[in-house]
Structure formats: structure tokens, C-alpha cells
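Shown next: work.cif, given as mmCIF, C-alpha atoms.
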```cif
data_data
loop_
_atom_site.label_atom_id
_atom_site.label_comp_id
_atom_site.auth_asym_id
_atom_site.auth_seq_id
_atom_site.Cartn_x
_atom_site.Cartn_y
_atom_site.Cartn_z
CA MET I 1447 -96.42 104.16 -86.01
CA SER I 1448 -99.00 101.85 -87.58
CA GLU I 1449 -101.04 99.66 -85.24
CA THR I 1450 -102.41 96.19 -85.75
CA SER I 1451 -104.96 94.13 -83.87
CA ALA I 1452 -105.23 90.47 -83.01
CA GLU I 1453 -107.66 90.18 -85.94
CA ASP I 1454 -104.92 91.50 -88.23
CA VAL I 1455 -102.62 88.78 -86.97
CA MET I 1456 -105.22 86.09 -87.65
CA ALA I 1457 -105.81 87.53 -91.11
CA THR I 1458 -102.09 87.36 -91.82
CA ALA I 1459 -102.12 83.72 -90.72
CA ALA I 1460 -104.98 82.98 -93.09
CA VAL I 1461 -103.17 84.64 -95.97
CA ALA I 1462 -100.05 82.60 -95.19
CA ALA I 1463 -102.02 79.37 -95.13
CA ALA I 1464 -103.70 80.24 -98.42
CA GLY I 1465 -100.31 80.84 -99.95
CA TRP I 1466 -99.21 77.37 -98.91
CA ARG I 1467 -102.32 75.44 -99.94
CA ARG I 1468 -100.48 73.79 -102.78
CA ALA I 1469 -98.59 71.85 -100.10
CA GLY I 1470 -101.81 69.94 -99.24
CA ILE I 1471 -102.08 69.05 -95.54
CA ALA I 1472 -99.10 71.30 -94.92
CA GLY I 1473 -101.18 74.33 -95.89
CA ALA I 1474 -103.85 73.53 -93.37
CA ALA I 1475 -101.29 72.76 -90.68
CA ILE I 1476 -99.49 76.03 -91.28
CA GLY I 1477 -102.77 77.81 -90.77
CA VAL I 1478 -103.25 76.10 -87.42
CA ILE I 1479 -99.68 76.75 -86.34
CA ALA I 1480 -99.86 80.36 -87.47
CA ALA I 1481 -103.10 80.88 -85.59
CA GLY I 1482 -101.50 79.50 -82.44
CA ALA I 1483 -98.54 81.77 -82.91
CA ALA I 1484 -100.90 84.69 -83.42
CA ALA I 1485 -102.26 84.25 -79.92
CA GLY I 1486 -98.73 84.43 -78.55
CA VAL I 1487 -97.74 87.63 -80.37
CA ALA I 1488 -101.04 89.52 -80.55
CA VAL I 1489 -100.26 91.74 -77.57
CA GLU I 1490 -96.91 92.74 -79.04
CA ARG I 1491 -98.49 93.46 -82.40
CA LEU I 1492 -101.16 95.68 -80.82
CA THR I 1493 -98.50 98.12 -79.74
CA VAL I 1494 -95.70 97.75 -82.26
CA GLY I 1495 -96.28 98.38 -85.95
CA ARG I 1496 -95.22 95.91 -88.63
CA GLY I 1497 -92.96 98.39 -90.38
CA MET I 1498 -91.23 99.31 -87.15
CA ARG I 1499 -90.64 95.66 -86.29
CA LYS I 1500 -89.11 95.05 -89.71
CA LYS I 1501 -86.81 98.04 -89.28
CA ALA I 1502 -85.85 96.79 -85.82
CA ARG I 1503 -84.94 93.38 -87.21
CA LEU I 1504 -82.78 94.95 -89.90
CA ALA I 1505 -81.07 97.17 -87.32
CA LEU I 1506 -80.39 94.22 -85.04
CA ASP I 1507 -79.05 92.18 -87.96
CA ALA I 1508 -76.72 95.01 -88.94
CA SER I 1509 -75.43 95.84 -85.46
CA GLY I 1510 -75.64 92.60 -83.49
CA PRO I 1511 -72.17 91.18 -82.71
CA TYR I 1512 -73.45 87.69 -82.05
CA GLY I 1513 -72.16 84.98 -84.33
CA SER I 1514 -69.26 87.10 -85.54
CA LEU I 1515 -66.44 85.05 -83.98
CA ARG I 1516 -64.38 83.09 -86.47
CA GLY I 1517 -61.49 80.66 -86.10
CA GLN I 1518 -59.12 78.68 -88.25
CA PRO I 1519 -61.37 76.84 -90.73
CA GLY I 1520 -61.17 73.18 -91.60
CA ARG I 1521 -63.21 70.42 -93.14
CA ALA I 1522 -63.69 66.83 -92.06
CA VAL I 1523 -65.11 64.14 -94.30
CA ALA I 1524 -67.88 61.92 -92.95
CA ASP I 1525 -68.16 58.24 -93.82
CA ASP I 1526 -70.64 59.01 -96.62
CA GLY I 1527 -68.39 61.71 -98.10
CA THR I 1528 -70.23 64.69 -96.59
CA GLU I 1529 -67.88 67.59 -95.84
CA LEU I 1530 -68.28 68.87 -92.28
CA TYR I 1531 -67.13 72.42 -91.56
CA TYR I 1532 -65.34 73.22 -88.32
CA GLU I 1533 -63.27 76.04 -86.83
CA VAL I 1534 -60.44 75.87 -84.31
CA ASP I 1535 -59.61 78.55 -81.76
CA GLU I 1536 -56.06 77.92 -80.62
CA ILE I 1537 -54.54 78.83 -77.26
CA GLU I 1538 -52.90 82.22 -77.12
CA PRO I 1539 -49.14 82.02 -76.46
CA ASP I 1540 -49.36 84.08 -73.26
CA GLY I 1541 -52.60 82.78 -71.81
CA GLY I 1542 -54.81 79.81 -71.18
CA THR I 1543 -53.73 76.28 -70.58
CA SER I 1544 -50.10 76.07 -69.56
CA ARG I 1545 -48.05 73.00 -70.39
CA ALA I 1546 -47.53 72.54 -66.70
CA ALA I 1547 -51.32 72.27 -66.27
CA THR I 1548 -51.50 69.71 -69.06
CA ARG I 1549 -48.71 67.72 -67.42
CA ALA I 1550 -50.63 67.92 -64.15
CA GLN I 1551 -53.48 66.19 -65.96
CA ALA I 1552 -51.05 63.56 -67.18
CA GLY I 1553 -50.18 62.70 -63.60
CA SER I 1554 -53.76 62.25 -62.45
CA GLY I 1555 -53.80 58.49 -62.99
CA PRO I 1556 -52.02 55.56 -64.64
CA ARG I 1557 -54.19 55.69 -67.76
CA ARG I 1558 -53.39 59.36 -68.31
CA ARG I 1559 -49.68 58.81 -67.71
CA ARG I 1560 -49.64 56.33 -70.57
CA LEU I 1561 -51.49 58.73 -72.83
CA PHE I 1562 -50.01 62.08 -71.97
CA GLY I 1563 -46.69 61.25 -70.40
CA SER I 1564 -44.60 62.60 -73.27
CA LYS I 1565 -42.41 65.66 -72.81
CA ASP I 1566 -44.66 67.81 -74.97
CA PRO I 1567 -48.23 66.49 -74.81
CA ALA I 1568 -50.90 67.69 -77.19
CA PRO I 1569 -53.16 70.36 -75.68
CA LEU I 1570 -56.60 69.59 -74.39
CA THR I 1571 -59.36 70.45 -76.86
CA VAL I 1572 -62.94 71.37 -76.02
CA VAL I 1573 -65.29 70.22 -78.80
CA PHE I 1574 -68.66 72.00 -78.99
CA SER I 1575 -71.59 70.30 -80.75
CA HIS I 1576 -74.71 72.37 -81.48
CA GLY I 1577 -78.39 71.51 -81.57
CA TYR I 1578 -81.14 70.99 -84.13
CA CYS I 1579 -81.77 73.93 -86.49
CA LEU I 1580 -78.83 75.84 -85.03
CA GLY I 1581 -75.12 76.08 -85.84
CA GLN I 1582 -71.74 76.47 -84.23
CA ASP I 1583 -72.44 80.16 -83.57
CA SER I 1584 -75.07 79.20 -80.98
CA TRP I 1585 -72.09 78.87 -78.59
CA HIS I 1586 -71.14 82.53 -79.17
CA PHE I 1587 -70.93 83.57 -75.50
CA GLN I 1588 -69.05 80.51 -74.33
CA ARG I 1589 -66.68 80.76 -77.27
CA ALA I 1590 -65.96 84.40 -76.50
CA ALA I 1591 -65.28 83.63 -72.83
CA LEU I 1592 -62.92 80.70 -73.48
CA ARG I 1593 -61.14 82.17 -76.49
CA GLY I 1594 -57.40 82.07 -76.00
CA LEU I 1595 -57.66 80.20 -72.70
CA VAL I 1596 -58.17 76.72 -74.07
CA ARG I 1597 -58.13 75.11 -77.50
CA THR I 1598 -61.68 74.77 -78.84
CA VAL I 1599 -63.35 73.22 -81.87
CA HIS I 1600 -66.74 74.39 -83.08
CA TRP I 1601 -68.40 72.49 -85.91
CA ASP I 1602 -71.60 72.56 -87.93
CA GLN I 1603 -73.61 69.36 -88.00
CA ARG I 1604 -74.34 67.94 -91.46
CA SER I 1605 -76.86 70.00 -93.44
CA HIS I 1606 -76.50 72.84 -90.91
CA GLY I 1607 -74.44 76.03 -91.03
CA ARG I 1608 -71.45 75.83 -93.37
CA SER I 1609 -71.38 72.05 -93.54
CA GLU I 1610 -72.42 70.26 -96.70
CA ARG I 1611 -75.91 68.87 -97.12
CA GLY I 1612 -75.78 65.22 -96.12
CA ARG I 1613 -74.86 63.21 -99.19
CA ALA I 1614 -76.54 60.05 -97.93
CA GLN I 1615 -79.73 62.03 -97.32
CA ALA I 1616 -79.60 63.39 -100.87
CA GLU I 1617 -79.79 59.75 -101.95
CA GLY I 1618 -82.78 59.06 -99.72
CA VAL I 1619 -81.05 57.60 -96.65
CA PRO I 1620 -82.78 58.83 -93.45
CA VAL I 1621 -80.53 60.73 -91.09
CA GLY I 1622 -80.16 59.26 -87.62
CA ILE I 1623 -78.41 60.15 -84.39
CA ASP I 1624 -75.96 57.29 -85.00
CA GLN I 1625 -74.83 59.04 -88.17
CA LEU I 1626 -74.23 62.23 -86.20
CA GLY I 1627 -72.05 60.30 -83.76
CA ARG I 1628 -69.91 59.07 -86.64
CA ASP I 1629 -69.76 62.64 -87.96
CA LEU I 1630 -68.41 63.85 -84.61
CA LYS I 1631 -65.74 61.14 -84.74
CA ALA I 1632 -64.69 62.41 -88.19
CA VAL I 1633 -64.42 65.96 -86.84
CA ILE I 1634 -62.35 64.83 -83.86
CA ASP I 1635 -60.05 62.83 -86.15
CA ALA I 1636 -59.50 65.89 -88.34
CA ALA I 1637 -59.43 68.73 -85.80
CA ALA I 1638 -58.12 67.07 -82.61
CA PRO I 1639 -56.45 63.76 -83.51
CA GLU I 1640 -54.32 63.78 -80.36
CA GLY I 1641 -54.60 64.92 -76.78
CA PRO I 1642 -57.36 64.92 -74.18
CA LEU I 1643 -60.88 66.06 -75.06
CA VAL I 1644 -63.78 67.76 -73.34
CA LEU I 1645 -67.08 67.19 -75.11
CA VAL I 1646 -69.82 69.81 -74.83
CA GLY I 1647 -73.19 69.33 -76.52
CA HIS I 1648 -76.51 71.15 -76.59
CA SER I 1649 -79.73 69.28 -77.40
CA MET I 1650 -79.03 67.30 -80.59
CA GLY I 1651 -75.33 67.92 -79.90
CA GLY I 1652 -75.59 66.08 -76.59
CA MET I 1653 -77.36 63.21 -78.36
CA THR I 1654 -74.52 63.20 -80.88
CA MET I 1655 -72.04 62.74 -78.03
CA MET I 1656 -74.06 59.81 -76.70
CA ALA I 1657 -74.01 58.22 -80.16
CA LEU I 1658 -70.24 58.73 -80.26
CA ALA I 1659 -69.90 56.92 -76.94
CA ASP I 1660 -72.18 54.14 -78.13
CA ARG I 1661 -70.11 53.54 -81.27
CA TYR I 1662 -66.63 54.40 -79.97
CA PRO I 1663 -66.50 53.65 -76.22
CA GLU I 1664 -62.73 53.29 -76.42
CA LEU I 1665 -62.44 56.94 -77.49
CA ILE I 1666 -64.36 58.02 -74.41
CA ARG I 1667 -62.26 55.74 -72.20
CA ASP I 1668 -58.89 56.75 -73.61
CA ARG I 1669 -59.18 60.42 -74.50
CA VAL I 1670 -62.20 62.17 -72.96
CA ALA I 1671 -61.40 64.09 -69.78
CA ALA I 1672 -64.84 65.60 -69.07
CA VAL I 1673 -68.31 66.01 -70.58
CA ALA I 1674 -71.05 68.68 -70.49
CA PHE I 1675 -74.63 67.96 -71.53
CA VAL I 1676 -76.74 71.09 -72.04
CA GLY I 1677 -80.51 70.87 -72.55
CA THR I 1678 -80.42 67.38 -74.02
CA SER I 1679 -82.06 63.97 -73.72
CA SER I 1680 -81.08 60.32 -73.78
CA GLY I 1681 -84.46 59.23 -75.16
CA LYS I 1682 -88.28 59.22 -74.87
CA LEU I 1683 -88.59 62.45 -76.81
CA GLY I 1684 -91.81 61.11 -78.31
CA GLU I 1685 -93.41 61.73 -74.90
CA VAL I 1686 -92.60 65.47 -74.78
CA ASN I 1687 -95.78 67.60 -74.82
CA PHE I 1688 -94.13 70.91 -75.89
CA GLY I 1689 -96.26 72.77 -73.35
CA LEU I 1690 -99.48 71.78 -75.12
CA PRO I 1691 -102.59 70.21 -73.60
CA VAL I 1692 -102.93 66.45 -74.01
CA ALA I 1693 -105.43 66.65 -76.86
CA GLY I 1694 -103.30 69.19 -78.69
CA VAL I 1695 -100.05 67.29 -78.38
CA ASN I 1696 -101.67 64.04 -79.51
CA ALA I 1697 -102.95 65.79 -82.62
CA VAL I 1698 -99.51 67.28 -83.29
CA ARG I 1699 -97.84 63.88 -82.94
CA ARG I 1700 -100.24 62.37 -85.43
CA VAL I 1701 -99.88 64.97 -88.16
CA LEU I 1702 -96.48 66.57 -87.69
CA PRO I 1703 -94.34 63.94 -89.49
CA GLY I 1704 -96.61 64.12 -92.54
CA VAL I 1705 -96.79 67.90 -92.36
CA LEU I 1706 -93.03 68.25 -92.25
CA LYS I 1707 -92.58 65.83 -95.12
CA ALA I 1708 -95.05 67.82 -97.19
CA LEU I 1709 -93.34 71.08 -96.26
CA GLY I 1710 -89.96 69.64 -97.19
CA SER I 1711 -91.27 68.74 -100.63
CA GLN I 1712 -92.35 72.36 -101.17
CA ALA I 1713 -89.21 73.97 -99.76
CA GLU I 1714 -89.06 77.02 -102.03
CA LEU I 1715 -92.72 77.85 -101.48
CA VAL I 1716 -92.46 77.39 -97.72
CA GLU I 1717 -89.32 79.53 -97.47
CA ARG I 1718 -91.19 82.38 -99.13
CA GLY I 1719 -93.99 81.89 -96.64
CA ARG I 1720 -91.58 81.93 -93.71
CA ARG I 1721 -90.25 85.29 -94.86
CA ALA I 1722 -93.75 86.66 -95.38
CA THR I 1723 -94.85 85.73 -91.87
CA ALA I 1724 -91.63 86.49 -90.02
CA ASP I 1725 -93.48 87.98 -87.05
CA LEU I 1726 -95.49 84.82 -86.49
CA PHE I 1727 -92.50 82.55 -86.64
CA ALA I 1728 -90.58 84.92 -84.37
CA GLY I 1729 -93.32 84.37 -81.78
CA LEU I 1730 -92.98 80.60 -82.06
CA ILE I 1731 -89.21 80.74 -81.90
CA LYS I 1732 -89.26 82.94 -78.82
CA ARG I 1733 -91.75 80.69 -77.03
CA TYR I 1734 -89.76 77.52 -77.64
CA SER I 1735 -86.29 79.01 -77.21
CA PHE I 1736 -86.53 81.10 -74.04
CA GLY I 1737 -88.11 80.82 -70.63
CA SER I 1738 -88.07 84.44 -69.46
CA ARG I 1739 -89.83 87.50 -70.84
CA ASP I 1740 -86.92 89.93 -70.65
CA VAL I 1741 -84.60 88.35 -73.23
CA ASP I 1742 -82.24 90.82 -74.89
CA PRO I 1743 -83.91 91.66 -78.25
CA ALA I 1744 -80.56 91.30 -80.01
CA VAL I 1745 -80.14 87.79 -78.58
CA ALA I 1746 -83.70 86.85 -79.51
CA ARG I 1747 -83.13 88.08 -83.05
CA PHE I 1748 -79.85 86.15 -83.20
CA ALA I 1749 -81.72 82.96 -82.27
CA GLU I 1750 -84.27 83.70 -84.99
CA ARG I 1751 -81.53 84.08 -87.57
CA LEU I 1752 -79.92 80.80 -86.57
CA ILE I 1753 -83.19 78.90 -86.84
CA GLU I 1754 -84.36 80.70 -89.98
CA SER I 1755 -81.11 79.73 -91.70
CA THR I 1756 -82.01 76.04 -91.49
CA PRO I 1757 -83.90 75.09 -94.70
CA ILE I 1758 -87.33 73.61 -94.13
CA ASP I 1759 -86.39 70.40 -95.93
CA VAL I 1760 -83.53 69.93 -93.44
CA VAL I 1761 -85.95 70.58 -90.57
CA ALA I 1762 -88.21 67.86 -91.99
CA GLU I 1763 -85.32 65.51 -92.68
CA PHE I 1764 -83.99 65.48 -89.12
CA TYR I 1765 -87.22 65.44 -87.14
CA PRO I 1766 -87.94 61.67 -87.27
CA ALA I 1767 -84.53 60.92 -85.77
CA PHE I 1768 -85.56 62.36 -82.43
CA THR I 1769 -88.56 60.12 -81.85
CA GLU I 1770 -86.30 57.12 -82.52
CA HIS I 1771 -83.44 58.41 -80.35
CA ASP I 1772 -82.59 56.21 -77.37
CA LYS I 1773 -79.04 56.32 -76.07
CA SER I 1774 -79.59 55.71 -72.37
CA GLY I 1775 -77.52 52.55 -72.81
CA ALA I 1776 -74.51 54.64 -73.84
CA LEU I 1777 -74.48 56.79 -70.70
CA PRO I 1778 -72.42 54.38 -68.55
CA ALA I 1779 -69.44 55.18 -70.79
CA PHE I 1780 -69.32 58.56 -69.04
CA ARG I 1781 -69.60 57.32 -65.44
CA ASP I 1782 -65.92 57.60 -64.56
CA LEU I 1783 -65.64 61.16 -65.89
CA PRO I 1784 -66.43 64.61 -64.49
CA VAL I 1785 -69.83 65.39 -66.01
CA LEU I 1786 -71.90 68.58 -66.06
CA ILE I 1787 -75.62 68.25 -66.84
CA LEU I 1788 -77.40 71.59 -67.27
CA ALA I 1789 -80.92 72.50 -68.34
CA GLY I 1790 -83.47 75.29 -68.18
CA ASP I 1791 -86.42 74.75 -65.88
CA LYS I 1792 -88.81 76.05 -68.58
CA ASP I 1793 -87.41 74.09 -71.49
CA LEU I 1794 -90.37 72.92 -73.60
CA VAL I 1795 -88.25 71.03 -76.15
CA THR I 1796 -86.04 68.85 -73.97
CA PRO I 1797 -87.60 69.33 -70.52
CA SER I 1798 -85.38 69.40 -67.46
CA SER I 1799 -86.82 66.02 -66.43
CA HIS I 1800 -84.76 64.54 -69.29
CA SER I 1801 -81.60 66.01 -67.79
CA GLU I 1802 -82.62 64.59 -64.43
CA ALA I 1803 -82.99 61.17 -66.08
CA ILE I 1804 -79.43 61.46 -67.40
CA ALA I 1805 -78.26 62.40 -63.91
CA ASP I 1806 -79.96 59.28 -62.55
CA GLU I 1807 -77.68 57.23 -64.81
CA LEU I 1808 -74.64 59.34 -63.88
CA PRO I 1809 -75.05 59.84 -60.12
CA ASP I 1810 -71.68 61.55 -59.67
CA ALA I 1811 -72.48 64.22 -62.27
CA GLU I 1812 -73.18 67.83 -61.39
CA LEU I 1813 -76.81 68.62 -62.21
CA VAL I 1814 -77.72 72.30 -62.68
CA ILE I 1815 -81.31 73.38 -63.37
CA VAL I 1816 -81.34 77.06 -64.36
CA PRO I 1817 -84.39 79.09 -63.26
CA ASP I 1818 -86.36 81.05 -65.88
CA ALA I 1819 -84.49 79.42 -68.72
CA GLY I 1820 -85.72 77.77 -71.89
CA HIS I 1821 -84.17 75.52 -74.49
CA LEU I 1822 -81.49 78.00 -75.62
CA VAL I 1823 -80.17 78.39 -72.09
CA MET I 1824 -76.61 79.12 -73.32
CA LEU I 1825 -77.93 82.25 -75.07
CA GLU I 1826 -80.55 83.23 -72.51
CA HIS I 1827 -78.35 82.84 -69.41
CA PRO I 1828 -74.84 82.80 -70.89
CA GLU I 1829 -73.06 83.72 -67.66
CA THR I 1830 -74.52 80.75 -65.81
CA VAL I 1831 -73.64 78.28 -68.54
CA THR I 1832 -70.17 79.73 -69.02
CA ASP I 1833 -69.44 79.75 -65.29
CA ARG I 1834 -70.47 76.12 -64.84
CA LEU I 1835 -68.48 75.09 -67.89
CA ALA I 1836 -65.44 77.04 -66.65
CA ASP I 1837 -65.74 75.32 -63.27
CA LEU I 1838 -65.68 71.97 -65.04
CA LEU I 1839 -62.55 72.95 -66.96
CA VAL I 1840 -60.85 74.21 -63.80
CA ARG I 1841 -61.75 70.99 -62.01
CA ILE I 1842 -59.84 68.89 -64.54
CA GLY I 1843 -56.95 71.36 -64.79
CA ALA I 1844 -57.76 72.42 -68.36
CA VAL I 1845 -57.62 76.10 -67.43
CA PRO I 1846 -56.09 77.71 -64.35
CA ALA I 1847 -58.55 79.12 -61.83
CA GLN I 1848 -57.16 82.61 -62.31
CA GLY I 1849 -57.81 82.26 -66.05
CA ARG I 1850 -61.52 82.56 -65.45
#
```

Could you rewrite the structure in this file as C-alpha cells?
Amino acid sequence: MSETSAEDVMATAAVAAAGWRRAGIAGAAIGVIAAGAAAGVAVERLTVGRGMRKKARLALDASGPYGSLRGQPGRAVADDGTELYYEVDEIEPDGGTSRAATRAQAGSGPRRRRLFGSKDPAPLTVVFSHGYCLGQDSWHFQRAALRGLVRTVHWDQRSHGRSERGRAQAEGVPVGIDQLGRDLKAVIDAAAPEGPLVLVGHSMGGMTMMALADRYPELIRDRVAAVAFVGTSSGKLGEVNFGLPVAGVNAVRRVLPGVLKALGSQAELVERGRRATADLFAGLIKRYSFGSRDVDPAVARFAERLIESTPIDVVAEFYPAFTEHDKSGALPAFRDLPVLILAGDKDLVTPSSHSEAIADELPDAELVIVPDAGHLVMLEHPETVTDRLADLLVRIGAVPAQGR
């Protein structure tokens, strides 16, 4: 097994930066970022050779079952013509939500009797919205647990996964969280036009749900039966320090928008650099995705693959939307609903204090802070997330308690 030192890591970072110098400020920034990543992965690199790590990644890619679940495919069309890819997992004939359970929902109040009082009401649908630089497969564990028990829809946000690159963005229109809310409405109209809904969103997906409520409060009032926010924020993301000291985070805030814009303009070059320095980016991804040290290597590699699959120009395109995001005013639309708010206590991207702020606006919500968990809490602690989500579904009668 070949061995490498911390100096080797730094040398690799320097080579990567040199390879990106044509991107101007981006080249210098990549050098800084890579050097920071080097400090985080140096110990691992001292004991594990580069060739062995590459072979391990290939083995995990070949054998890992994560992200392999597929459903009935469909496409919704956003208001700018962008095609949004989604998949539906239907209820199995002999399991999951019974019609009696759905009728029990219909009798829970006058509003629901008007909506669902027919002899054969449409089934409840759980709609999962994923986060920034991820895709619908980030819900792998929850999807596997609920499959056949309840009807679910998993979709890829515009420019992510199997969805089309945003057409408006191709014409120079900045993407915003409001656009994502309208996208979610298009998916609901196509994949679940009738029946009660449960909305589940992680990070950007939770923000998307807030934008939906802001634009379509009547949809929330008339059709939504429950909501789950996972590792998300209603605003003030410009104040997040990402675990950096004050001086460091201030510097990052000043240069990052320009850096990302420069990187996005040199997408092909940067993608080659990402592949060449996979170990360094793996260190960054692990730091900002997970809160514990003993993450399953196959899960960690799965997270890497999800994030790596997002083109750098898409990363750059979406980033400004988060500093502008403020949907605290939309939260009251969820006050009369059962709400789950869940976050990792070591989340550096959307800190748990942001979930606590949402809970302050929704005092009847269940707030769960998961110990030793980072931003990708649904992958890092899947049992906890799945159990809390299942409890929410049982509470509203969407699945029978014995179905868990």
C-alpha cells in the first residue's frame, strides 16, 4: 500500500489550483479551499494509499444499493417549460393505507368531509422534495421503509437529477426559491392532482415547501394533511458561519459569489479538476454532510456521488438564492397542521437553530434535534428520521400503526 503525507496532500492542492488558474480568482480560491480540505483529510491520507482509496470508491459504486429504488416515472412541466422528472411509488394492493383509514381521515373535520367524503377518495400522497446539490435518491432509506405502505412521489428539482436544466436559467433568469415553489406545484398537479398530501422537504426542499405555501396558501389549507421539515431554514442563511471562525467566514462571504460565478463559467475545466482531486472534495463533503465520525463508508460514498453529479455551473446558479431566501412569513400557513421539524445538532449548513426558529413560529410542531448528526441527517441517522416520519403518518391515519 502506498503512503502519502500531509505535504503530499498540500502538493496535490497546489497542482489542482494551478490547473484551474485560467478561471482567474476561482483558481486562487480553489487553492485555498483545497488547502483547507487537506487539513481535514491528511490523517486519513497518511494511512490509506491513493490507489487503494480509488479502488474502494469503485467497489462501493459497484456494490452500493443506495439510490437503486425506482418507481413509475413521470414528467411535469414548470411554468417556464422546464420538464421536471418525478417517480411515483403506489400502494401495494395488500398493504399500506387502507380505504377505511383514508375515510377515517375524511371524518376528522368538516373541511375534510367536504374534500374526501366521496365513496372512493383518492389516496393520500407523500411528496418528498430534496435539497441543494442532491436528488430524489437522497431519500433512499425513507423511500425503502414506506414503499408499498403509502403512495409517495419523489422528484428532482430543476437542473438536478433527471430533471431538465432550467430553461429560464439558460436564458439568464436567476433561479429563486419562489420558482422552486411553483415547480413543486407543477409536480403536485401532475403526480397527485387529487387527495390529501403530506409534504416532506430537506434543506432546499423545505424552503421549496415554504415558497409553495407563500404562493398557494389555499393548496395548503385545502389539501395538505401534515408537513415535515428536515434540516431546513426559513431565512437568514447569510448569517451561517459554516463552522468557520469569524474572519474566515467573512472572507468566504465576500469572495464566494464571485468564485462560484467564475467556476460556473469554466464548468468543463472545473469538472476535470473535481475528478482529479476527488479525495479533497470527499473530505469537504464529509465534513459538511455528516456530524459523526463513524458514518458507513458506503453511505458517505453515496452522498459524494449525489453531490458530484451536480454540475458546477448549477451549484453556482443556485447559490445566490439562499442568501435572498426569507419565507418566515409563509410559516403561519402550516400552523393548523401536524408538523415535524427535525435537524442534526452538528449541521453546519442549516444549523439546528434555524429549525428552532421555525418551531418558534409553529409552537404546536414536534421539534426533534438529532445528536451527532449533520446536514444529511436522513442518510446519517435514517432510522431516527424514518421513525419520526412514520409517527407523523400514523398520527394522521395515513398508515396503520401496525404497518410500521

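Rounded to one decimal, CA of Asp1810 (chain I) and CA of Ala1659 (chain I) lie 18.0 Å from each other.
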
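Among the candidates I:Glu1529, I:Leu1839, I:Pro1846, I:Phe1768, the residue lying nearest to Lys1682 (chain I) is I:Phe1768 (atoms considered: all atoms listed in the file).
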
Close residues, region 1748-1754 of chain I itself excluded, 7 Å, all atoms listed in the file, min 3 positions apart in chain, as a list in words: Tyr1512, Cys1579, Leu1580, Gly1581, Ala1728, Ile1731, Ala1744 and Val1745 of chain I

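CA of Met1650 (chain I) is found 10.9 Å from CA of Val1795 (chain I).
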
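Checking I:Met1655, I:Leu1794, I:Val1596, I:Arg1613 one by one against Leu1690 (chain I), counting all atoms listed in the file, you find the shortest gap at I:Leu1794.
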
Can you tell me which residues surround Ser1680 (chain I) at a distance of at most 9 Å, considering all atoms listed in the file, apart from same-chain residues fewer than 2 positions away, and format the answer as a list in words?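 Within the cut-off, the hits are Gly1652, Met1653, Met1656, Thr1678, Lys1682, Leu1683, His1771, Asp1772, Lys1773, Ser1774, Gly1775, Ala1776, Leu1777, His1800, Ser1801, Ala1803 and Ile1804 of chain I.
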
Point-to-point distance in Å for CA of His1606 (chain I) and CA of Thr1830 (chain I):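 Going from CA of Thr1830 (chain I) over to CA of His1606 (chain I), I get 26.4 Å.
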
Do you know which residues the PyMOL selection byres ((chain I and resi 1522) around 9) returns on this file, as a list in words? Gly1520, Arg1521, Val1523, Ala1524, Thr1528, Glu1529, Leu1530, Tyr1531, Tyr1532, Asp1629, Ala1632, Val1633, Ile1634, Asp1635, Ala1636 and Ala1637 of chain I

Can you turn the PyMOL selection byres ((chain I and resi 1573) around 6) into a concrete residue list for this file, as a PDB file with C-alpha atoms, in the coordinates of the input?
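Wrote out.pdb, looks like this:
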```pdb
ATOM      1  CA  VAL I1572     -62.940  71.370 -76.020  1.00  0.00           C
ATOM      2  CA  PHE I1574     -68.660  72.000 -78.990  1.00  0.00           C
ATOM      3  CA  THR I1598     -61.680  74.770 -78.840  1.00  0.00           C
ATOM      4  CA  VAL I1599     -63.350  73.220 -81.870  1.00  0.00           C
ATOM      5  CA  LEU I1645     -67.080  67.190 -75.110  1.00  0.00           C
TER       6      LEU I1645
END
```

Out of I:Val1686, I:Ala1847, I:Val1676, I:Leu1786, which residue has the shortest atom-to-atom distance to Val1823 (chain I) when counting only C-alpha atoms?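 Looking only at the distances to Val1823 (chain I), the closest residue turns out to be I:Val1676.
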